[in-house]
Amino acid sequence: MKTHVITGGTDGIGAALARALFSRGDRAVMIGTSPGKGERLMAEAASAPGGAAFIQADLSLVSDTRRVVDMLVEEYPAIDGVVLCARFMRSYRSVTVEGFESNFALFYLSRLLVSYGLLGPLKQAERPVIVNVAGPGHDTPVAWDDLQSSRHYDLVHAMFMTGRLNDLLGVTFAERHGEGPVRYVLFHPGTTSTSYAGEFDPQTAAYLHQQRMMAKPAADVVPPILRLLDDPPTPPLTAFNLFTELNVHTELFSAKDATRLSGLTDELLAAVAG
């Protein structure tokens, strides 16, 4: 039985992937905020060939993300795959109790902490892989002097920019650990009918409802993710839009920018106890 950790594992793409995994005999470790959703998936898994576990957490908090990472390392000596799906969108700018803009904290910092934090058990698996579902390759510029959208907050721009930060996270991870067994994959699901978890003004809510009606179901995104989990690419870093491979040798995946972001991130994280 292979073990796969899924952040955002009780909604949308994460939940659809978890069902596919435990239905075929793997273990899906689902991290999410809702105990009710976690319990329902656990009940489904009870009669499945595989297994499931649920961890309730708020990954927008660095402290909670670190707690979850410690739990996973303690519980699972070997982890075959990590799929990073968690996100929560807001029409307005929100700051966590730790002082981070919420998109930056959940969509970027938590993914960085989980990626590096689970490196130990990942290295114990035969062909380990991290799949970061973050929409790679968008050309939104990185606002180096305003990574947390403090001057002018716009939901779409904030999501695109944090997606760019995940691209650079992948670059740095591959540079540091590319000679090891763990492959890093940046994955774009395309327009998908997920839960669109968040807090929205009426105009944004209406737009997202329209998008959901036209988008493909989350289950359609599962096959390309399963392919990556079952047969990870050979290069240390790759990017895909569903089944189509993207070019990671462009200025959008600049090693210089990745190094710059890593330094800034280390400074920010150093200020959070633990």
# chains A, B, ... in the order shown; residues from 1 in each chain; ligands from 1

call {"tool": "residues_around", "arguments": {"residues": "segment 136-142 of chain A", "least_positions_apart": "2", "cutoff": "12 Å", "atoms": "only C-alpha atoms", "output": "PyMOL selection string"}}
result
chain A and resi 131-134+144-149+156-171+185-190+237-242+245-254+257-258+260-261

call {"tool": "residues_around", "arguments": {"residues": "Glu39 of chain A", "least_positions_apart": "5", "cutoff": "12 Å", "atoms": "only C-alpha atoms", "output": "VMD selection string"}}
result
chain A and resid 9 to 10 30 to 34 44 to 46 52 to 56

call {"tool": "write_last_selection", "arguments": {"atoms": "N, CA, C and O atoms", "output": "mmCIF file, in the first residue's frame"}}
result
data_model
loop_
_atom_site.group_PDB
_atom_site.id
_atom_site.type_symbol
_atom_site.label_atom_id
_atom_site.label_comp_id
_atom_site.auth_asym_id
_atom_site.auth_seq_id
_atom_site.Cartn_x
_atom_site.Cartn_y
_atom_site.Cartn_z
ATOM 1 N N GLY A 9 -7.258 18.044 1.067
ATOM 2 C CA GLY A 9 -7.674 16.710 0.662
ATOM 3 C C GLY A 9 -9.138 16.381 0.870
ATOM 4 O O GLY A 9 -9.559 15.260 0.566
ATOM 5 N N THR A 10 -9.928 17.322 1.388
ATOM 6 C CA THR A 10 -11.346 17.026 1.629
ATOM 7 C C THR A 10 -12.272 17.803 0.703
ATOM 8 O O THR A 10 -13.487 17.740 0.845
ATOM 9 N N MET A 30 -5.382 12.755 4.220
ATOM 10 C CA MET A 30 -6.050 13.983 3.806
ATOM 11 C C MET A 30 -5.915 15.056 4.891
ATOM 12 O O MET A 30 -6.251 14.819 6.051
ATOM 13 N N ILE A 31 -5.463 16.215 4.498
ATOM 14 C CA ILE A 31 -5.347 17.345 5.424
ATOM 15 C C ILE A 31 -6.365 18.390 5.005
ATOM 16 O O ILE A 31 -6.413 18.799 3.843
ATOM 17 N N GLY A 32 -7.202 18.815 5.950
ATOM 18 C CA GLY A 32 -8.227 19.796 5.642
ATOM 19 C C GLY A 32 -8.728 20.487 6.893
ATOM 20 O O GLY A 32 -8.352 20.131 8.013
ATOM 21 N N THR A 33 -9.593 21.452 6.705
ATOM 22 C CA THR A 33 -10.086 22.237 7.842
ATOM 23 C C THR A 33 -11.391 21.701 8.413
ATOM 24 O O THR A 33 -11.721 21.990 9.555
ATOM 25 N N SER A 34 -12.138 20.920 7.625
ATOM 26 C CA SER A 34 -13.486 20.515 8.033
ATOM 27 C C SER A 34 -13.519 19.084 8.571
ATOM 28 O O SER A 34 -13.354 18.134 7.800
ATOM 29 N N GLU A 44 -16.258 6.617 3.652
ATOM 30 C CA GLU A 44 -16.183 6.015 2.320
ATOM 31 C C GLU A 44 -15.008 5.048 2.233
ATOM 32 O O GLU A 44 -15.113 3.965 1.647
ATOM 33 N N ALA A 45 -13.888 5.440 2.823
ATOM 34 C CA ALA A 45 -12.673 4.624 2.738
ATOM 35 C C ALA A 45 -12.780 3.338 3.538
ATOM 36 O O ALA A 45 -12.052 2.374 3.267
ATOM 37 N N ALA A 46 -13.683 3.304 4.521
ATOM 38 C CA ALA A 46 -13.782 2.138 5.403
ATOM 39 C C ALA A 46 -14.108 0.858 4.644
ATOM 40 O O ALA A 46 -13.693 -0.233 5.049
ATOM 41 N N ALA A 52 -7.377 5.350 4.608
ATOM 42 C CA ALA A 52 -7.390 6.807 4.657
ATOM 43 C C ALA A 52 -7.135 7.285 6.075
ATOM 44 O O ALA A 52 -7.388 6.565 7.046
ATOM 45 N N ALA A 53 -6.626 8.483 6.169
ATOM 46 C CA ALA A 53 -6.448 9.158 7.450
ATOM 47 C C ALA A 53 -6.774 10.628 7.230
ATOM 48 O O ALA A 53 -6.610 11.143 6.120
ATOM 49 N N PHE A 54 -7.268 11.268 8.273
ATOM 50 C CA PHE A 54 -7.627 12.686 8.171
ATOM 51 C C PHE A 54 -6.948 13.462 9.287
ATOM 52 O O PHE A 54 -6.949 13.039 10.448
ATOM 53 N N ILE A 55 -6.349 14.596 8.925
ATOM 54 C CA ILE A 55 -5.742 15.500 9.897
ATOM 55 C C ILE A 55 -6.384 16.867 9.735
ATOM 56 O O ILE A 55 -6.320 17.466 8.649
ATOM 57 N N GLN A 56 -7.018 17.339 10.783
ATOM 58 C CA GLN A 56 -7.595 18.680 10.739
ATOM 59 C C GLN A 56 -6.506 19.705 11.003
ATOM 60 O O GLN A 56 -5.718 19.575 11.953
#

call {"tool": "residues_around", "arguments": {"residues": "Gly99 of chain A", "least_positions_apart": "6", "cutoff": "12 Å", "atoms": "only C-alpha atoms", "output": "PyMOL selection string"}}
result
chain A and resi 60-62+105+148+150+268-269+271-272

call {"tool": "write_last_selection", "arguments": {"atoms": "N, CA, C and O atoms", "output": "CSV table (one decimal), in the first residue's frame"}}
result
chain,number,residue,atom,x,y,z
A,60,SER,N,-2.9,27.8,6.8
A,60,SER,CA,-2.5,29.2,6.6
A,60,SER,C,-1.7,29.7,7.8
A,60,SER,O,-1.1,30.8,7.7
A,61,LEU,N,-1.6,28.9,8.8
A,61,LEU,CA,-0.7,29.2,10.0
A,61,LEU,C,0.5,28.4,9.9
A,61,LEU,O,0.5,27.1,9.8
A,62,VAL,N,1.7,29.0,9.9
A,62,VAL,CA,3.0,28.4,9.9
A,62,VAL,C,3.1,27.4,11.0
A,62,VAL,O,3.6,26.3,10.9
A,105,ALA,N,0.3,33.0,2.8
A,105,ALA,CA,0.6,32.0,3.8
A,105,ALA,C,0.1,30.6,3.4
A,105,ALA,O,0.9,29.6,3.6
A,148,GLN,N,3.2,40.4,-0.4
A,148,GLN,CA,2.0,40.1,0.3
A,148,GLN,C,0.8,41.0,0.0
A,148,GLN,O,-0.1,41.2,0.8
A,150,SER,N,0.2,44.2,0.0
A,150,SER,CA,-0.2,45.2,1.0
A,150,SER,C,-0.7,46.5,0.4
A,150,SER,O,-1.5,47.3,1.0
A,268,LEU,N,11.3,35.8,6.6
A,268,LEU,CA,10.0,35.9,7.1
A,268,LEU,C,9.7,34.7,8.1
A,268,LEU,O,9.1,34.9,9.1
A,269,LEU,N,10.1,33.5,7.7
A,269,LEU,CA,9.8,32.4,8.5
A,269,LEU,C,10.6,32.4,9.8
A,269,LEU,O,10.1,31.8,10.8
A,271,ALA,N,11.0,34.7,11.7
A,271,ALA,CA,10.3,35.5,12.7
A,271,ALA,C,9.1,34.8,13.4
A,271,ALA,O,8.6,35.3,14.4
A,272,VAL,N,8.8,33.6,12.9
A,272,VAL,CA,7.7,32.8,13.5
A,272,VAL,C,8.3,31.8,14.4
A,272,VAL,O,9.1,30.9,14.0

call {"tool": "select_by_dssp", "arguments": {"residues": "segment 30-67 of chain A", "states": "strand (DSSP E or B)", "output": "number ranges by chain"}}
result
A: 30-32, 51-56

call {"tool": "closest_residue", "arguments": {"among": "A:Leu155, A:Ala174, A:Ile13, A:Ala20", "to": "Ala255 of chain A", "atoms": "only C-alpha atoms"}}
result
A:Ala174

call {"tool": "residues_around", "arguments": {"residues": "segment 68-74 of chain A", "least_positions_apart": "6", "cutoff": "12 Å", "atoms": "only C-alpha atoms", "output": "number ranges by chain"}}
result
A: 3-7, 29-32, 53-62, 82, 110-124, 274

call {"tool": "atom_distance", "arguments": {"atom1": "atom CA of Lys2 of chain A", "atom2": "atom CA of Glu126 of chain A"}}
result
9.9 Å
